[in-house]
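Take a look at the structure set out below.
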Amino acid sequence: MATAQLTSAASSISAKGFVSFEGLRASSAVKVSSFSPLKQNGLSLRSFRGLVVKAATAVAPKYTSLKPLGDRVLVKIKTAEEKTSGGILLPTTAQSKPQAGEVVAVGEGRTVGKNKVEIGVKTGTQVVYSKYAGTEVEFSGSNHLILKEDDIVGILDTDDVKDMKPLNDRVLIKVAEAEEKTAGGLYLTDASKEKPSIGTVVAVGPGPLNEEGNRKPLSVAPGNTVLYSKYAGNDFKGADGSDYIALRASDVMAILS
């Protein structure tokens with residue numbers, strides 16, 4: 001009887017809980033961020049938490065131009081990879097969200113102190129941006145992102161992240177390999193290996209702007225071995241399988257030697 005009631009309840013949820021999503025366009029995405037078991041009255045129940053609906057803002061075809069304002073940049077999002085490097089087709093749910101694209105329009109810049117500072121990237125530049133930055137816009141048949149210049153991590157003209165040129169106060173680090181053994185000599189499985197917070201600086205940005213509009217050099221340089229905040233930055237996988245992370249210089253805590 002309890003099983004029948006639970007099945008009925010699940011059917012009710014699937015039939016009624018998503019009626020409000022019928023008006024969303026095809027570009028909308030429905031995501032369940034967690035699915036956790038609960039227990040109530042001795043029965044094992046399931047509950048959905050963190051249901052998130054994210055849809056790109058669709059711009060009507062009658063508008064043929066989109067001009068960012070201030071220090072904002074319009075980026076045409078790179079198409080998600082549909083195949084693995086081995087040629088295996090990926091389902092939509094397994095395709096990683098791109099963090100790269102081409103700059104197609106820029107704002108007029110911003111004012112720092114008494115100085116006017118222009119946008120540091122030009123149209124046509126291939127850039128990498130922060131994972132959760134900006135507002136997605138469906139414009140002229142393609143997905144775009146409007147974001148602040150400061151949310152652009154770096155310029156990448158190739159397909160390999162090791163060639164990235166960080167912008168502003170960003171630092172590109174090659175992550176050290178995780179320890180294969182414990183201190184007692186036991187081999188660790190991939191799941192139990194702790195994510196390192198140590199790596200070697202590959203490239204650094206020109207530094208942040210001060211109140212006079214001048215660049216302040218960063219305190220780290222390529223070749224430095226550094227310790228950085230554990231949950232900072234954006235993770236990337238290099239063409240050779242190595243792990244990289246791009247983060248702000250303020251998230252680097254120490255230089256090791």
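Ordering of the structure tokens sets the chain letters (A, B, ...), residue numbers begin anew at 1 in every chain, and ligands are numbered from 1 in the order given.
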Requested in this report: Show which residues sit within 9 Å of Gly109 of chain A, as a PyMOL selection string. Count only C-alpha atoms, and ignore same-chain residues fewer than 3 positions away.
Outcome: chain A and resi 69-72+106+116-120+149
Query raised in the report: Which residues, written as a ChimeraX atom specification, have at least one atom at most 6 Å from Ile155 of chain A, with only C-alpha atoms counted and residues fewer than 5 positions away on the same chain left out?
Result: /A:126-127,164-165
Store the residues picked out above, limited to N, CA, C and O atoms, as a PDB file, in the first residue's frame.
ATOM      1  N   GLN A 126      39.846  35.736 -28.910  1.00  0.00           N
ATOM      2  CA  GLN A 126      39.348  34.512 -28.286  1.00  0.00           C
ATOM      3  C   GLN A 126      39.674  34.567 -26.797  1.00  0.00           C
ATOM      4  O   GLN A 126      40.837  34.710 -26.421  1.00  0.00           O
ATOM      5  N   VAL A 127      38.653  34.462 -25.946  1.00  0.00           N
ATOM      6  CA  VAL A 127      38.864  34.629 -24.520  1.00  0.00           C
ATOM      7  C   VAL A 127      38.300  33.451 -23.719  1.00  0.00           C
ATOM      8  O   VAL A 127      37.462  32.689 -24.189  1.00  0.00           O
ATOM      9  N   MET A 164      47.368  30.102 -22.423  1.00  0.00           N
ATOM     10  CA  MET A 164      46.536  31.232 -22.026  1.00  0.00           C
ATOM     11  C   MET A 164      47.379  32.423 -21.546  1.00  0.00           C
ATOM     12  O   MET A 164      48.383  32.240 -20.852  1.00  0.00           O
ATOM     13  N   LYS A 165      46.954  33.627 -21.933  1.00  0.00           N
ATOM     14  CA  LYS A 165      47.585  34.862 -21.454  1.00  0.00           C
ATOM     15  C   LYS A 165      46.630  35.501 -20.444  1.00  0.00           C
ATOM     16  O   LYS A 165      45.606  36.072 -20.822  1.00  0.00           O
TER      17      LYS A 165
END
Requested in this report: Could you jot down the atom CA of Val175 of chain A to atom CA of Gly154 of chain A separation for me, Å, one decimal place?
Outcome: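 If I compute the distance from atom CA of Val175 of chain A to atom CA of Gly154 of chain A, I get 17.5 Å.
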Query raised in the report: Which polymer residues have any atom within 6 Å of an atom of segment 135-138 of chain A, counting only C-alpha atoms, with same-chain residues fewer than 4 positions away left out, as a list of chain:residue names?
Result: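 Near neighbours after the sequence-gap exclusion: A:Ala56, A:Thr57, A:Ala58, A:Ser142, A:Asn143, A:His144, A:Leu145, A:Ile146.
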Query raised in the report: Which polymer residues have any atom within 12 Å of an atom of Ala60 of chain A, counting only C-alpha atoms, with same-chain residues fewer than 4 positions away left out, as a PyMOL selection string?
Result: chain A and resi 64-66+137-141
Report task. Using atom CA of Ser219 of chain A and atom CA of Asp150 of chain A as the two end points, give the distance in Å to one decimal. Result -> 19.2 Å
